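Novice: What follows is start_31.cif, mmCIF, C-alpha atoms and all ligand atoms.
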data_coords
#
loop_
_atom_site.label_atom_id
_atom_site.label_comp_id
_atom_site.auth_asym_id
_atom_site.auth_seq_id
_atom_site.Cartn_x
_atom_site.Cartn_y
_atom_site.Cartn_z
CA MET P 146 0.00 0.00 0.00
CA PRO P 147 1.50 3.39 -0.96
CA ASP P 148 1.86 6.11 1.67
CA ARG P 149 -1.48 7.86 1.30
CA LYS P 150 -0.17 11.00 2.93
CA THR P 151 2.67 11.70 0.52
CA THR P 152 1.55 10.08 -2.69
CA ALA P 153 -2.22 10.48 -2.82
CA PRO P 154 -3.20 12.32 -6.00
CA GLY P 155 -4.84 15.71 -5.86
CA PHE P 156 -4.81 19.28 -7.09
CA ASP P 157 -3.52 22.66 -5.95
CA ASP P 158 -5.05 24.75 -8.74
CA THR P 159 -8.75 23.94 -8.40
CA PRO P 160 -11.30 26.36 -6.89
CA PHE P 161 -11.94 26.45 -3.16
CA LEU P 162 -15.09 24.77 -1.89
CA PRO P 163 -17.54 27.36 -0.53
CA GLY P 164 -16.95 27.97 3.18
CA SER P 165 -13.97 25.60 3.21
CA ARG P 166 -10.24 26.06 3.47
CA PHE P 167 -9.85 23.22 0.99
CA ARG P 168 -9.98 23.16 -2.76
CA VAL P 169 -11.98 20.70 -4.84
CA HIS P 170 -9.92 17.47 -4.82
CA ASP P 171 -7.35 19.25 -2.62
CA LYS P 172 -4.14 17.26 -2.43
CA GLU P 173 -3.41 18.77 0.98
CA ARG P 174 -6.72 17.72 2.48
CA PRO P 175 -5.98 15.23 5.30
CA GLN P 176 -6.81 11.63 4.63
CA PRO P 177 -9.37 10.18 7.08
CA PRO P 178 -8.07 7.80 9.73
CA ILE P 179 -8.05 4.17 8.70
CA ILE P 180 -10.07 1.93 10.99
CA VAL P 181 -11.20 -1.68 11.04
CA PRO P 182 -14.98 -1.59 10.49
CA ALA P 183 -17.56 -3.30 12.66
CA THR P 184 -18.79 -6.77 11.89
CA GLY P 185 -22.50 -7.39 11.96
CA SER P 186 -24.26 -9.43 14.59
CA THR P 187 -26.14 -12.62 13.91
CA ARG P 188 -28.82 -14.36 15.86
CA GLU P 189 -26.12 -16.57 17.33
CA ALA P 190 -23.22 -14.21 17.89
CA PRO P 191 -22.67 -10.56 18.69
CA GLY P 192 -21.04 -8.31 16.15
CA ARG P 193 -17.66 -6.72 16.83
CA PRO P 194 -17.09 -3.00 17.36
CA PRO P 195 -15.12 -0.95 14.85
CA SER P 196 -11.54 -0.39 15.94
CA ASP P 197 -12.07 3.25 16.92
CA ALA P 198 -15.14 2.71 19.11
CA VAL P 199 -15.36 3.30 22.84
CA VAL P 200 -16.35 -0.20 23.91
CA LEU P 201 -19.00 -0.02 26.62
CA PHE P 202 -19.80 -3.71 26.99
CA ASN P 203 -17.86 -6.54 25.38
CA GLY P 204 -19.32 -9.47 27.28
CA LYS P 205 -16.90 -9.37 30.19
CA ASP P 206 -17.87 -6.84 32.85
CA THR P 207 -19.65 -3.59 33.68
CA SER P 208 -16.50 -1.60 34.35
CA ALA P 209 -17.64 1.12 31.92
CA TRP P 210 -20.85 1.68 33.89
CA VAL P 211 -22.13 2.98 37.21
CA GLY P 212 -25.42 2.53 39.03
CA ARG P 213 -27.82 5.29 40.00
CA ASP P 214 -25.90 5.97 43.23
CA GLY P 215 -22.64 6.37 41.30
CA GLY P 216 -21.34 3.05 42.61
CA PRO P 217 -20.71 -0.17 40.67
CA ALA P 218 -23.45 -1.05 38.17
CA PRO P 219 -25.79 -3.55 39.88
CA TRP P 220 -26.83 -5.43 36.72
CA LYS P 221 -25.61 -8.97 36.13
CA VAL P 222 -23.06 -10.30 33.65
CA GLY P 223 -23.09 -13.94 32.56
CA ASN P 224 -22.49 -15.96 29.41
CA GLY P 225 -21.13 -12.84 27.75
CA LEU P 226 -24.39 -10.94 28.32
CA LEU P 227 -25.43 -7.97 30.44
CA VAL P 228 -28.78 -8.55 32.13
CA ILE P 229 -31.01 -6.03 33.85
CA ALA P 230 -31.37 -6.85 37.54
CA PRO P 231 -34.94 -5.57 37.90
CA LYS P 232 -35.59 -2.77 40.37
CA THR P 233 -31.91 -2.00 40.87
CA GLY P 234 -32.13 1.16 38.79
CA ASN P 235 -30.80 2.51 35.54
CA ILE P 236 -27.12 2.23 34.74
CA GLN P 237 -25.09 4.79 32.86
CA THR P 238 -21.65 5.04 31.35
CA LYS P 239 -18.76 6.67 33.14
CA ALA P 240 -17.78 8.15 29.78
CA GLN P 241 -19.59 11.26 28.58
CA PHE P 242 -20.56 11.69 24.95
CA GLY P 243 -21.66 14.52 22.71
CA ASN P 244 -22.38 13.93 19.02
CA CYS P 245 -21.96 10.21 18.52
CA GLN P 246 -22.85 6.90 16.92
CA VAL P 247 -24.21 4.32 19.34
CA HIS P 248 -24.61 0.58 18.76
CA VAL P 249 -26.63 -1.60 21.16
CA GLU P 250 -27.70 -5.22 20.77
CA TRP P 251 -30.56 -6.36 23.00
CA ASN P 252 -32.91 -9.26 23.54
CA ILE P 253 -36.22 -9.45 25.36
CA PRO P 254 -36.61 -12.88 26.95
CA ALA P 255 -39.62 -14.97 25.98
CA GLY P 256 -42.39 -15.33 28.55
CA THR P 257 -44.43 -12.16 28.38
CA ASP P 258 -47.46 -13.52 30.22
CA GLY P 259 -49.42 -10.70 28.61
CA ASN P 260 -47.56 -8.08 30.64
CA ARG P 261 -47.83 -4.90 28.58
CA ASN P 262 -44.57 -3.65 30.01
CA TRP P 263 -42.68 -6.86 29.25
CA GLY P 264 -39.24 -6.04 27.97
CA ASN P 265 -39.55 -2.36 28.81
CA SER P 266 -36.13 -0.79 28.85
CA GLY P 267 -34.58 1.92 26.77
CA VAL P 268 -31.42 3.57 25.55
CA PHE P 269 -31.06 7.15 26.77
CA LEU P 270 -28.67 9.54 25.07
CA MET P 271 -27.11 11.98 27.52
CA GLY P 272 -29.20 10.31 30.24
CA ARG P 273 -32.25 12.25 29.00
CA TYR P 274 -33.38 11.26 25.53
CA GLU P 275 -34.91 7.78 25.25
CA VAL P 276 -35.14 5.37 22.35
CA GLN P 277 -37.66 2.83 23.59
CA ILE P 278 -37.16 -0.90 24.06
CA LEU P 279 -40.35 -2.91 24.60
CA ASN P 280 -41.90 -6.19 23.57
CA VAL P 281 -44.35 -5.18 20.89
CA SER P 282 -44.34 -8.29 18.69
CA ASP P 283 -47.26 -9.82 20.59
CA ALA P 284 -48.38 -6.94 22.80
CA LEU P 285 -49.68 -3.45 22.15
CA SER P 286 -48.57 0.00 23.16
CA TYR P 287 -49.33 3.54 22.06
CA ALA P 288 -47.52 4.43 18.83
CA ASP P 289 -44.98 6.78 20.40
CA GLY P 290 -44.16 4.12 23.00
CA LEU P 291 -43.37 1.26 20.64
CA THR P 292 -39.92 -0.22 20.36
CA ALA P 293 -37.59 2.20 18.57
CA ALA P 294 -39.97 5.10 19.25
CA ILE P 295 -38.45 8.38 20.25
CA TYR P 296 -40.45 7.92 23.40
CA GLY P 297 -43.44 10.20 23.76
CA GLN P 298 -42.60 12.10 20.56
CA TYR P 299 -42.34 10.01 17.40
CA PRO P 300 -43.34 6.43 16.55
CA PRO P 301 -40.80 4.56 14.46
CA LEU P 302 -41.57 5.00 10.75
CA VAL P 303 -42.12 1.25 10.55
CA ASN P 304 -42.43 -1.42 13.23
CA ALA P 305 -39.42 -3.65 12.55
CA CYS P 306 -39.55 -5.58 15.82
CA LEU P 307 -38.67 -9.21 16.23
CA GLU P 308 -40.20 -11.69 18.63
CA PRO P 309 -38.96 -12.12 22.22
CA GLY P 310 -35.84 -14.25 22.29
CA ALA P 311 -34.44 -12.66 19.12
CA TRP P 312 -31.38 -10.42 19.17
CA GLN P 313 -32.17 -6.93 17.91
CA THR P 314 -29.96 -3.95 17.13
CA PHE P 315 -30.07 -0.20 17.43
CA ASP P 316 -27.64 2.00 15.54
CA ILE P 317 -28.21 5.58 16.58
CA LEU P 318 -26.72 8.80 15.23
CA TRP P 319 -27.05 11.59 17.75
CA GLU P 320 -26.63 15.34 17.40
CA VAL P 321 -26.67 17.12 20.72
CA PRO P 322 -28.93 20.08 21.45
CA LEU P 323 -27.09 23.35 21.90
CA PHE P 324 -27.85 25.85 24.63
CA GLU P 325 -26.71 29.37 25.27
CA GLY P 326 -27.33 29.84 28.95
CA GLU P 327 -30.95 28.84 29.50
CA LYS P 328 -31.87 29.24 25.84
CA LEU P 329 -32.05 26.44 23.31
CA VAL P 330 -30.29 27.54 20.14
CA ARG P 331 -30.41 24.24 18.23
CA PRO P 332 -32.55 21.18 18.99
CA ALA P 333 -31.23 17.64 19.13
CA TYR P 334 -31.51 15.42 16.07
CA MET P 335 -31.50 11.66 15.83
CA THR P 336 -31.30 9.02 13.13
CA VAL P 337 -32.05 5.44 14.13
CA ILE P 338 -31.40 2.23 12.24
CA TYR P 339 -33.34 -0.57 13.92
CA ASN P 340 -32.62 -4.13 12.84
CA GLY P 341 -31.05 -2.70 9.69
CA VAL P 342 -34.04 -0.47 8.86
CA ALA P 343 -34.12 3.33 9.07
CA VAL P 344 -36.93 4.18 11.49
CA HIS P 345 -36.00 7.79 12.24
CA HIS P 346 -34.25 10.09 9.80
CA HIS P 347 -32.83 13.24 11.35
CA ALA P 348 -35.80 13.50 13.69
CA GLU P 349 -35.95 16.80 15.57
CA TRP P 350 -36.36 16.25 19.30
CA LEU P 351 -38.96 18.41 21.03
CA GLY P 352 -37.25 18.15 24.41
CA GLY P 353 -36.15 15.64 27.00
CA THR P 354 -38.09 12.40 27.36
CA ALA P 355 -41.29 12.76 29.39
CA TYR P 356 -44.29 10.58 30.30
CA ARG P 357 -47.76 12.04 29.74
CA GLN P 358 -46.30 15.50 29.39
CA VAL P 359 -45.19 17.73 26.56
CA PRO P 360 -41.41 17.37 26.33
CA VAL P 361 -39.35 20.45 27.11
CA TYR P 362 -35.66 21.18 26.91
CA ARG P 363 -33.80 21.79 30.11
CA PRO P 364 -30.26 23.09 29.67
CA HIS P 365 -27.49 20.60 30.30
CA PRO P 366 -23.79 20.20 29.57
CA PRO P 367 -22.64 19.48 25.99
CA THR P 368 -21.82 15.88 26.83
CA GLY P 369 -23.58 13.25 28.92
CA PRO P 370 -23.67 9.53 29.65
CA LEU P 371 -25.32 6.78 27.70
CA MET P 372 -27.96 5.30 30.03
CA LEU P 373 -29.85 1.99 29.96
CA GLN P 374 -33.24 1.85 31.62
CA ASP P 375 -34.35 -0.54 34.36
CA HIS P 376 -38.14 -0.58 34.05
CA GLY P 377 -38.44 -3.66 36.26
CA ASN P 378 -38.17 -6.20 33.48
CA PRO P 379 -35.26 -8.43 32.50
CA VAL P 380 -33.70 -7.51 29.17
CA LEU P 381 -30.38 -8.83 27.85
CA PHE P 382 -27.67 -6.73 26.21
CA ARG P 383 -24.46 -7.44 24.34
CA ASN P 384 -21.91 -5.60 22.16
CA ILE P 385 -22.49 -1.99 23.20
CA TRP P 386 -20.23 0.69 21.80
CA CYS P 387 -20.10 4.36 20.99
CA ARG P 388 -18.09 6.44 18.54
CA PRO P 389 -17.81 10.15 19.25
CA MET P 390 -18.47 11.96 15.97
CA LYS P 391 -16.30 14.85 14.85
CA GLY P 392 -16.98 17.29 12.08
CA TYR P 393 -15.20 17.10 8.74
CA ASP P 394 -11.51 17.87 8.95
CA GLU P 395 -11.55 18.20 12.73
CA PRO P 396 -8.32 16.72 14.11
MG MG P 401 -38.54 2.38 28.26
#
Translate this file's structure into structure tokens.
Ligand code: MG

Specialist:
Amino acid sequence: MPDRKTTAPGFDDTPFLPGSRFRVHDKERPQPPIIVPATGSTREAPGRPPSDAVVLFNGKDTSAWVGRDGGPAPWKVGNGLLVIAPKTGNIQTKAQFGNCQVHVEWNIPAGTDGNRNWGNSGVFLMGRYEVQILNVSDALSYADGLTAAIYGQYPPLVNACLEPGAWQTFDILWEVPLFEGEKLVRPAYMTVIYNGVAVHHHAEWLGGTAYRQVPVYRPHPPTGPLMLQDHGNPVLFRNIWCRPMKGYDEP
């Protein structure tokens, strides 16, 4: 493989791109970092994170997480899986994230017994903004509470859920809301790929997740933890990772 930095082709006499310090096909424009991409999950085996991801759960332990009291995460790890210990509370990452790509694999155990809340959990960006997890393959919920809903705001564009016992995946692209003091100057946006299907495309968040209330934004820092919800039901997780997202040409 040639040295991309010194021998990559390009131009120094083309026009500048509008608003950019780089020319069209600029030979000085930095090459993007080379990473090893993720591998997809299967029903039998978890996928593998890309090489530049912050690995949050790899089947071994909960060292990347804390419980609601800030102490060790109280959920259980066994057979390479992270399992909600019901009624022990949400867990959240020690790491704080702003704009990012999040990957979570999860599985609702079979055995719903008609419990409408069976499999209720959720993935919260910045500890505030929930993408819902719920068994909805053989149970009903309101549209904006279905699995992969932006809870209380938008139903998923399609219901791509699998039956309990199946491994399912979220791939979430998150753009943080921006505040100046108490004032919101740009809302949060989210794109969600659920089981390989786009179910939200640059959805504009109306505010932090709320139940039976109109969501509102409350100012918060520019980064926050990824949080997993304990809603009193066992749900399994595996292969959780996050990639902070930079802008183009940011070092
Ligand atoms: Mg939930």

Novice: Between P:Asp157, P:Glu189, P:Asp375, P:Glu327, single out the one closest to ligand MG 401 (chain P), counting only C-alpha atoms and all ligand atoms.

Specialist: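 Among the listed residues, P:Asp375 lies closest to ligand MG 401 (chain P).
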
Novice: Using all atoms listed in the file, can you list as a PyMOL selection string the residues within 12 Å of (-44.8, -3.8, 23.3)?

Specialist: chain P and resi 253+257+259-266+277-294+304+306-309

Novice: Please, what distance in Å, to one decimal, runs between atom CA of P:Gly215 and atom CA of P:Trp251?

Specialist: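 Computed distance, atom CA of P:Gly215 to atom CA of P:Trp251, equals 23.7 Å.
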
Novice: When you draw a straight line from atom CA of P:Gln237 to atom CA of P:Val200, how long is it in Å?

Specialist: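 Between these atoms lies a distance of 13.5 Å.
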
Novice: List every protein, DNA or RNA residue with an atom no more than 7 Å from (-4.3, 14.9, 0.1) in the file's coordinates, counting only C-alpha atoms, and format the result as a list in words.

Specialist: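 Here is the list of nearby residues: Lys150, Ala153, Pro154, Gly155, Asp171, Lys172, Glu173, Arg174, Pro175 and Gln176 of chain P.
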
Novice: Report as a PyMOL selection string all protein, DNA and RNA residues lying within 6 Å of P:Trp210, evaluated on all atoms listed in the file, omitting residues in the same chain fewer than 4 positions from it.

Specialist: chain P and resi 218+237-239

Novice: Could you take the residues named above and write them with C-alpha atoms, as a PDB file, in the coordinates of the input?

Specialist:
ATOM      1  CA  ALA P 218     -23.450  -1.050  38.170  1.00  0.00           C
ATOM      2  CA  GLN P 237     -25.090   4.790  32.860  1.00  0.00           C
ATOM      3  CA  THR P 238     -21.650   5.040  31.350  1.00  0.00           C
ATOM      4  CA  LYS P 239     -18.760   6.670  33.140  1.00  0.00           C
TER       5      LYS P 239
END

Novice: Quick one, how far is atom CA of P:Ala209 from atom CA of P:Cys245?

Specialist: 16.8 Å

Novice: What are the centre and edge lengths in Å, to one decimal, of the axis-aligned box around all listed atoms of stretch 220-238 of chain P with 6 Å added on each side, as lines of an AutoDock Vina configuration file?

Specialist:
center_x = -28.4
center_y = -5.5
center_z = 34.3
size_x = 26.5
size_y = 33.0
size_z = 25.1

Novice: May I ask which of the residues P:Lys328, P:Arg388, P:Arg383, P:Arg273 is the closest one to ligand MG 401 (chain P), counting only C-alpha atoms and all ligand atoms?

Specialist: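 With only C-alpha atoms and all ligand atoms as the atom set, the closest residue is P:Arg273.
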
Novice: Skip P:His365 itself and residues of its chain fewer than 4 positions away, then list as a PyMOL selection string all residues within 12 Å of it, counting all atoms listed in the file.

Specialist: chain P and resi 243+271-273+321-329+352-353+369-370
